[in-house]
Amino acid sequence: MTSDLRIAWTLGSHGWADCTVEDHRAKAELTASHITHAPEDFLTAVARLVAGGTEPRAQFEAEPTAYRWILRREDEDIRIRVLELRASGDHDTEGTGIWSGRLGIDQLARAVIRCFDEVAQTYGESGYRGKWGEHFPRTELEALRHLWRTHRRPEGM
């Protein structure tokens with residue numbers, strides 16, 4: 001199982017971000033445009049997994065390319081596939097797999113929370129808005145953090 005997942009979200013020119021996902025086996029670089037709510041959708045998809053969802057998805061638009069995250073729950077493990085698609089409306093079968101991994105829910109949630117905590121620390125919330133063009137996804141990040149802490153709580157507490 002993947003245990004060293006690292007996700008980074010780096011703001012580029014106004015309205016654009018680069019996202020890197022990597023582990024000890026592979027690394028993929030994705031691009032996202034602010035034309036959709038990519039960071040909010042990604043945080044929400046992970047929160048849905050933590051809350052018991054079975055296959056939430058998130059998509060980053062790179063105009064016209066798109067990157068689709070398919071997160072599939074298998075008991076306490078998560079299988080992740082990231083597809084690169086020529087166009088946002090393409091079916092999964094038309095995409096090219098650029099990264100995949102299997103890890104625990106705890107590992108995924110921790111990596112995503114760490115990623116966006118680093119974004120907030122690096123840019124600050126006003127700096128983020130200035131570069132991305134939208135508010136920092138504080139509500140979605142805190143919802144994920146809360147669900148993750150609840151998920152990790154020992155039974156009976």
# chains A, B, ... in the order shown; residues from 1 in each chain; ligands from 1

call {"tool": "residues_around", "arguments": {"residues": "segment 67-74 of chain A", "least_positions_apart": "4", "cutoff": "6 Å", "atoms": "only C-alpha atoms", "output": "list in words"}}
result
Thr54, Glu55, Pro56, Arg57, Ala58, Gln59, Phe60, Ile78, Arg79, Ile80, Arg81, Val82, Leu83 and Glu84 of chain A

call {"tool": "residues_around", "arguments": {"residues": "Asp117 of chain A", "least_positions_apart": "5", "cutoff": "9 Å", "atoms": "only C-alpha atoms", "output": "list in words"}}
result
Val112, Thr122 and Leu141 of chain A

call {"tool": "closest_residue", "arguments": {"among": "A:Glu29, A:Glu118, A:Glu94, A:Asp106", "to": "Val50 of chain A", "atoms": "only C-alpha atoms"}}
result
A:Asp106

call {"tool": "atom_distance", "arguments": {"atom1": "atom CA of Phe42 of chain A", "atom2": "atom CA of Gly124 of chain A"}}
result
19.6 Å

call {"tool": "atom_distance", "arguments": {"atom1": "atom CA of Thr139 of chain A", "atom2": "atom CA of Ala66 of chain A"}}
result
24.6 Å

call {"tool": "closest_residue", "arguments": {"among": "A:Ala45, A:Leu144, A:Ala26, A:Ala38", "to": "Trp9 of chain A", "atoms": "only C-alpha atoms"}}
result
A:Ala38

call {"tool": "select_by_dssp", "arguments": {"residues": "segment 39-84 of chain A", "states": "strand (DSSP E)", "output": "ChimeraX atom specification"}}
result
/A:57-61,66-74,77-84

call {"tool": "residues_around", "arguments": {"residues": "Lys131 of chain A", "least_positions_apart": "4", "cutoff": "7 Å", "atoms": "only C-alpha atoms", "output": "ChimeraX atom specification"}}
result
/A:11,13-15,127

call {"tool": "closest_residue", "arguments": {"among": "A:Arg86, A:Gly97, A:Ala120, A:Gly52", "to": "Ala8 of chain A", "atoms": "only C-alpha atoms"}}
result
A:Ala120

call {"tool": "residues_around", "arguments": {"residues": "Val21 of chain A", "least_positions_apart": "6", "cutoff": "9 Å", "atoms": "only C-alpha atoms", "output": "mmCIF file with N, CA, C and O atoms, in the first residue's frame"}}
result
data_model
loop_
_atom_site.group_PDB
_atom_site.id
_atom_site.type_symbol
_atom_site.label_atom_id
_atom_site.label_comp_id
_atom_site.auth_asym_id
_atom_site.auth_seq_id
_atom_site.Cartn_x
_atom_site.Cartn_y
_atom_site.Cartn_z
ATOM 1 N N LEU A 5 2.296 9.266 0.271
ATOM 2 C CA LEU A 5 1.587 10.134 -0.648
ATOM 3 C C LEU A 5 1.889 11.593 -0.354
ATOM 4 O O LEU A 5 1.876 12.022 0.800
ATOM 5 N N ARG A 6 2.155 12.325 -1.397
ATOM 6 C CA ARG A 6 2.409 13.765 -1.287
ATOM 7 C C ARG A 6 1.609 14.456 -2.372
ATOM 8 O O ARG A 6 1.675 14.072 -3.533
ATOM 9 N N ILE A 7 0.834 15.452 -1.976
ATOM 10 C CA ILE A 7 0.061 16.246 -2.915
ATOM 11 C C ILE A 7 0.458 17.696 -2.700
ATOM 12 O O ILE A 7 0.527 18.167 -1.562
ATOM 13 N N ALA A 8 0.721 18.400 -3.786
ATOM 14 C CA ALA A 8 1.087 19.818 -3.706
ATOM 15 C C ALA A 8 0.196 20.618 -4.655
ATOM 16 O O ALA A 8 -0.103 20.160 -5.765
ATOM 17 N N LYS A 27 4.981 9.861 -10.138
ATOM 18 C CA LYS A 27 4.634 11.261 -9.933
ATOM 19 C C LYS A 27 3.834 11.724 -11.153
ATOM 20 O O LYS A 27 4.152 11.361 -12.277
ATOM 21 N N ALA A 28 2.800 12.508 -10.909
ATOM 22 C CA ALA A 28 2.017 13.080 -11.999
ATOM 23 C C ALA A 28 1.814 14.558 -11.722
ATOM 24 O O ALA A 28 1.684 14.971 -10.568
ATOM 25 N N GLU A 29 1.803 15.321 -12.797
ATOM 26 C CA GLU A 29 1.574 16.752 -12.683
ATOM 27 C C GLU A 29 0.302 17.098 -13.434
ATOM 28 O O GLU A 29 0.126 16.718 -14.579
ATOM 29 N N LEU A 30 -0.589 17.799 -12.739
ATOM 30 C CA LEU A 30 -1.882 18.175 -13.277
ATOM 31 C C LEU A 30 -1.990 19.696 -13.266
ATOM 32 O O LEU A 30 -1.303 20.360 -12.496
ATOM 33 N N TRP A 99 -1.715 8.416 -12.995
ATOM 34 C CA TRP A 99 -1.250 8.078 -11.650
ATOM 35 C C TRP A 99 -2.297 7.205 -10.984
ATOM 36 O O TRP A 99 -3.494 7.382 -11.188
#

call {"tool": "closest_residue", "arguments": {"among": "A:Glu76, A:Asp18, A:Asp23, A:Glu40", "to": "Arg138 of chain A", "atoms": "only C-alpha atoms"}}
result
A:Glu40

call {"tool": "closest_residue", "arguments": {"among": "A:Thr65, A:Thr10, A:Thr93, A:Thr31", "to": "Phe116 of chain A", "atoms": "only C-alpha atoms"}}
result
A:Thr10

call {"tool": "atom_distance", "arguments": {"atom1": "atom CA of Ala111 of chain A", "atom2": "atom CA of Cys19 of chain A"}}
result
12.8 Å

call {"tool": "closest_residue", "arguments": {"among": "A:Arg152, A:Trp132, A:Ala62, A:Pro137", "to": "Thr44 of chain A", "atoms": "only C-alpha atoms"}}
result
A:Pro137

call {"tool": "residues_around", "arguments": {"residues": "Glu61 of chain A", "least_positions_apart": "2", "cutoff": "6 Å", "atoms": "only C-alpha atoms", "output": "JSON, numbers by chain"}}
result
{"A": [32, 33, 63, 66]}

call {"tool": "write_last_selection", "arguments": {"atoms": "N, CA, C and O atoms", "output": "short mmCIF file (atom, residue, chain, number, x, y, z; two decimals), in the first residue's frame"}}
result
data_model
loop_
_atom_site.label_atom_id
_atom_site.label_comp_id
_atom_site.auth_asym_id
_atom_site.auth_seq_id
_atom_site.Cartn_x
_atom_site.Cartn_y
_atom_site.Cartn_z
N ALA A 32 -4.89 22.97 -13.19
CA ALA A 32 -6.28 23.31 -12.90
C ALA A 32 -6.52 24.79 -13.18
O ALA A 32 -5.66 25.63 -12.91
N SER A 33 -7.68 25.07 -13.72
CA SER A 33 -8.11 26.43 -13.97
C SER A 33 -9.22 26.78 -12.98
O SER A 33 -9.97 25.91 -12.56
N GLU A 63 -8.62 23.36 -19.65
CA GLU A 63 -9.03 24.05 -20.87
C GLU A 63 -8.15 23.76 -22.09
O GLU A 63 -7.23 24.52 -22.35
N ALA A 66 -8.68 17.86 -19.23
CA ALA A 66 -9.23 17.73 -17.88
C ALA A 66 -8.51 16.59 -17.17
O ALA A 66 -8.00 15.67 -17.82
#

call {"tool": "decode", "arguments": {"residues": "segment 16-149 of chain A", "atoms": "C-alpha atoms", "output": "PDB file, in the first residue's frame"}}
result
ATOM      1  CA  TRP A  16      -4.139  28.662 -12.767  1.00  0.00           C
ATOM      2  CA  ALA A  17      -2.656  26.079 -10.429  1.00  0.00           C
ATOM      3  CA  ASP A  18      -0.371  23.093 -10.760  1.00  0.00           C
ATOM      4  CA  CYS A  19      -1.108  20.024  -8.689  1.00  0.00           C
ATOM      5  CA  THR A  20       1.492  17.341  -8.144  1.00  0.00           C
ATOM      6  CA  VAL A  21       0.595  13.926  -6.771  1.00  0.00           C
ATOM      7  CA  GLU A  22       3.385  11.493  -6.006  1.00  0.00           C
ATOM      8  CA  ASP A  23       4.479   8.514  -4.000  1.00  0.00           C
ATOM      9  CA  HIS A  24       7.542   6.269  -4.017  1.00  0.00           C
ATOM     10  CA  ARG A  25       6.470   4.727  -7.348  1.00  0.00           C
ATOM     11  CA  ALA A  26       5.297   7.567  -9.556  1.00  0.00           C
ATOM     12  CA  LYS A  27       4.634  11.261  -9.933  1.00  0.00           C
ATOM     13  CA  ALA A  28       2.017  13.080 -11.999  1.00  0.00           C
ATOM     14  CA  GLU A  29       1.574  16.752 -12.683  1.00  0.00           C
ATOM     15  CA  LEU A  30      -1.882  18.175 -13.277  1.00  0.00           C
ATOM     16  CA  THR A  31      -3.116  21.636 -14.147  1.00  0.00           C
ATOM     17  CA  ALA A  32      -6.284  23.314 -12.899  1.00  0.00           C
ATOM     18  CA  SER A  33      -8.108  26.434 -13.970  1.00  0.00           C
ATOM     19  CA  HIS A  34     -10.377  28.498 -11.754  1.00  0.00           C
ATOM     20  CA  ILE A  35     -13.267  28.097 -14.239  1.00  0.00           C
ATOM     21  CA  THR A  36     -14.544  25.370 -11.925  1.00  0.00           C
ATOM     22  CA  HIS A  37     -14.267  24.890  -8.181  1.00  0.00           C
ATOM     23  CA  ALA A  38     -11.433  22.349  -8.451  1.00  0.00           C
ATOM     24  CA  PRO A  39      -9.976  22.694  -4.921  1.00  0.00           C
ATOM     25  CA  GLU A  40     -13.417  22.737  -3.291  1.00  0.00           C
ATOM     26  CA  ASP A  41     -14.564  19.738  -5.341  1.00  0.00           C
ATOM     27  CA  PHE A  42     -11.396  17.801  -4.517  1.00  0.00           C
ATOM     28  CA  LEU A  43     -11.657  18.495  -0.768  1.00  0.00           C
ATOM     29  CA  THR A  44     -15.347  17.574  -0.844  1.00  0.00           C
ATOM     30  CA  ALA A  45     -14.663  14.292  -2.681  1.00  0.00           C
ATOM     31  CA  VAL A  46     -12.116  13.272  -0.045  1.00  0.00           C
ATOM     32  CA  ALA A  47     -14.508  14.311   2.741  1.00  0.00           C
ATOM     33  CA  ARG A  48     -17.207  12.125   1.190  1.00  0.00           C
ATOM     34  CA  LEU A  49     -14.826   9.162   1.296  1.00  0.00           C
ATOM     35  CA  VAL A  50     -14.012   9.793   4.931  1.00  0.00           C
ATOM     36  CA  ALA A  51     -17.735   9.994   5.664  1.00  0.00           C
ATOM     37  CA  GLY A  52     -18.350   6.611   4.021  1.00  0.00           C
ATOM     38  CA  GLY A  53     -18.829   7.435   0.335  1.00  0.00           C
ATOM     39  CA  THR A  54     -17.919   4.692  -2.121  1.00  0.00           C
ATOM     40  CA  GLU A  55     -16.740   6.450  -5.304  1.00  0.00           C
ATOM     41  CA  PRO A  56     -16.634  10.239  -5.236  1.00  0.00           C
ATOM     42  CA  ARG A  57     -14.879  12.036  -8.057  1.00  0.00           C
ATOM     43  CA  ALA A  58     -13.294  15.391  -8.643  1.00  0.00           C
ATOM     44  CA  GLN A  59     -12.167  17.007 -11.849  1.00  0.00           C
ATOM     45  CA  PHE A  60      -9.663  19.726 -12.674  1.00  0.00           C
ATOM     46  CA  GLU A  61     -10.269  21.663 -15.888  1.00  0.00           C
ATOM     47  CA  ALA A  62      -7.192  22.671 -17.831  1.00  0.00           C
ATOM     48  CA  GLU A  63      -9.027  24.050 -20.873  1.00  0.00           C
ATOM     49  CA  PRO A  64      -9.509  21.863 -22.926  1.00  0.00           C
ATOM     50  CA  THR A  65      -7.710  19.045 -21.098  1.00  0.00           C
ATOM     51  CA  ALA A  66      -9.231  17.732 -17.878  1.00  0.00           C
ATOM     52  CA  TYR A  67      -7.861  15.647 -15.033  1.00  0.00           C
ATOM     53  CA  ARG A  68     -10.307  13.340 -13.281  1.00  0.00           C
ATOM     54  CA  TRP A  69      -9.737  11.895  -9.818  1.00  0.00           C
ATOM     55  CA  ILE A  70     -11.605   8.634  -9.246  1.00  0.00           C
ATOM     56  CA  LEU A  71     -11.553   7.672  -5.575  1.00  0.00           C
ATOM     57  CA  ARG A  72     -12.923   4.207  -4.829  1.00  0.00           C
ATOM     58  CA  ARG A  73     -13.441   2.899  -1.300  1.00  0.00           C
ATOM     59  CA  GLU A  74     -12.605  -0.739  -0.587  1.00  0.00           C
ATOM     60  CA  ASP A  75     -13.319  -1.184   3.128  1.00  0.00           C
ATOM     61  CA  GLU A  76     -10.730   1.039   4.855  1.00  0.00           C
ATOM     62  CA  ASP A  77      -8.536   1.324   1.761  1.00  0.00           C
ATOM     63  CA  ILE A  78      -8.864   3.766  -1.112  1.00  0.00           C
ATOM     64  CA  ARG A  79      -7.919   3.118  -4.721  1.00  0.00           C
ATOM     65  CA  ILE A  80      -7.087   6.298  -6.567  1.00  0.00           C
ATOM     66  CA  ARG A  81      -6.899   6.712 -10.317  1.00  0.00           C
ATOM     67  CA  VAL A  82      -6.075   9.991 -11.983  1.00  0.00           C
ATOM     68  CA  LEU A  83      -7.033  10.215 -15.638  1.00  0.00           C
ATOM     69  CA  GLU A  84      -5.995  12.776 -18.221  1.00  0.00           C
ATOM     70  CA  LEU A  85      -8.805  13.483 -20.653  1.00  0.00           C
ATOM     71  CA  ARG A  86      -8.690  15.394 -23.935  1.00  0.00           C
ATOM     72  CA  ALA A  87     -11.960  17.126 -23.055  1.00  0.00           C
ATOM     73  CA  SER A  88     -13.870  17.525 -19.802  1.00  0.00           C
ATOM     74  CA  GLY A  89     -16.918  15.587 -20.968  1.00  0.00           C
ATOM     75  CA  ASP A  90     -14.992  12.507 -22.091  1.00  0.00           C
ATOM     76  CA  HIS A  91     -15.920   9.143 -20.592  1.00  0.00           C
ATOM     77  CA  ASP A  92     -13.423   7.500 -18.220  1.00  0.00           C
ATOM     78  CA  THR A  93     -12.571   4.931 -20.899  1.00  0.00           C
ATOM     79  CA  GLU A  94     -11.296   7.740 -23.147  1.00  0.00           C
ATOM     80  CA  GLY A  95      -8.835   8.934 -20.525  1.00  0.00           C
ATOM     81  CA  THR A  96      -5.223   7.986 -20.008  1.00  0.00           C
ATOM     82  CA  GLY A  97      -4.221   6.867 -16.526  1.00  0.00           C
ATOM     83  CA  ILE A  98      -1.390   9.106 -15.311  1.00  0.00           C
ATOM     84  CA  TRP A  99      -1.250   8.078 -11.650  1.00  0.00           C
ATOM     85  CA  SER A 100      -2.761   5.432  -9.402  1.00  0.00           C
ATOM     86  CA  GLY A 101      -2.302   4.262  -5.875  1.00  0.00           C
ATOM     87  CA  ARG A 102      -3.846   2.396  -3.001  1.00  0.00           C
ATOM     88  CA  LEU A 103      -3.747   3.710   0.531  1.00  0.00           C
ATOM     89  CA  GLY A 104      -5.717   4.048   3.716  1.00  0.00           C
ATOM     90  CA  ILE A 105      -8.396   6.675   4.188  1.00  0.00           C
ATOM     91  CA  ASP A 106      -6.327   8.195   6.982  1.00  0.00           C
ATOM     92  CA  GLN A 107      -3.291   8.545   4.708  1.00  0.00           C
ATOM     93  CA  LEU A 108      -5.275  10.212   1.941  1.00  0.00           C
ATOM     94  CA  ALA A 109      -7.069  12.636   4.259  1.00  0.00           C
ATOM     95  CA  ARG A 110      -3.814  13.551   5.997  1.00  0.00           C
ATOM     96  CA  ALA A 111      -2.052  14.222   2.654  1.00  0.00           C
ATOM     97  CA  VAL A 112      -4.883  16.421   1.362  1.00  0.00           C
ATOM     98  CA  ILE A 113      -5.193  18.386   4.607  1.00  0.00           C
ATOM     99  CA  ARG A 114      -1.423  18.864   4.720  1.00  0.00           C
ATOM    100  CA  CYS A 115      -1.466  20.074   1.105  1.00  0.00           C
ATOM    101  CA  PHE A 116      -4.049  22.790   1.703  1.00  0.00           C
ATOM    102  CA  ASP A 117      -2.590  23.777   5.068  1.00  0.00           C
ATOM    103  CA  GLU A 118       0.682  24.393   3.191  1.00  0.00           C
ATOM    104  CA  VAL A 119      -1.185  26.441   0.574  1.00  0.00           C
ATOM    105  CA  ALA A 120      -2.704  28.633   3.290  1.00  0.00           C
ATOM    106  CA  GLN A 121       0.684  29.061   4.952  1.00  0.00           C
ATOM    107  CA  THR A 122       2.492  29.835   1.686  1.00  0.00           C
ATOM    108  CA  TYR A 123       0.054  32.326   0.164  1.00  0.00           C
ATOM    109  CA  GLY A 124      -2.203  33.414   2.998  1.00  0.00           C
ATOM    110  CA  GLU A 125      -5.902  33.541   2.294  1.00  0.00           C
ATOM    111  CA  SER A 126      -5.831  36.985   0.662  1.00  0.00           C
ATOM    112  CA  GLY A 127      -2.767  36.071  -1.411  1.00  0.00           C
ATOM    113  CA  TYR A 128      -4.549  32.907  -2.518  1.00  0.00           C
ATOM    114  CA  ARG A 129      -7.573  34.908  -3.641  1.00  0.00           C
ATOM    115  CA  GLY A 130      -5.330  37.344  -5.511  1.00  0.00           C
ATOM    116  CA  LYS A 131      -3.566  34.582  -7.451  1.00  0.00           C
ATOM    117  CA  TRP A 132      -6.383  32.029  -7.855  1.00  0.00           C
ATOM    118  CA  GLY A 133      -9.242  34.512  -8.271  1.00  0.00           C
ATOM    119  CA  GLU A 134     -11.519  32.815  -5.733  1.00  0.00           C
ATOM    120  CA  HIS A 135     -11.637  32.517  -1.952  1.00  0.00           C
ATOM    121  CA  PHE A 136      -9.454  29.945  -0.215  1.00  0.00           C
ATOM    122  CA  PRO A 137     -11.534  26.758   0.326  1.00  0.00           C
ATOM    123  CA  ARG A 138     -11.519  27.159   4.118  1.00  0.00           C
ATOM    124  CA  THR A 139     -15.036  25.735   4.624  1.00  0.00           C
ATOM    125  CA  GLU A 140     -14.261  22.546   2.677  1.00  0.00           C
ATOM    126  CA  LEU A 141     -10.840  22.134   4.294  1.00  0.00           C
ATOM    127  CA  GLU A 142     -12.265  22.457   7.811  1.00  0.00           C
ATOM    128  CA  ALA A 143     -15.144  20.088   6.976  1.00  0.00           C
ATOM    129  CA  LEU A 144     -12.619  17.492   5.818  1.00  0.00           C
ATOM    130  CA  ARG A 145     -10.447  18.052   8.890  1.00  0.00           C
ATOM    131  CA  HIS A 146     -13.476  17.617  11.174  1.00  0.00           C
ATOM    132  CA  LEU A 147     -14.619  14.420   9.427  1.00  0.00           C
ATOM    133  CA  TRP A 148     -11.078  13.035   9.482  1.00  0.00           C
ATOM    134  CA  ARG A 149     -10.727  13.674  13.216  1.00  0.00           C
TER     135      ARG A 149
END
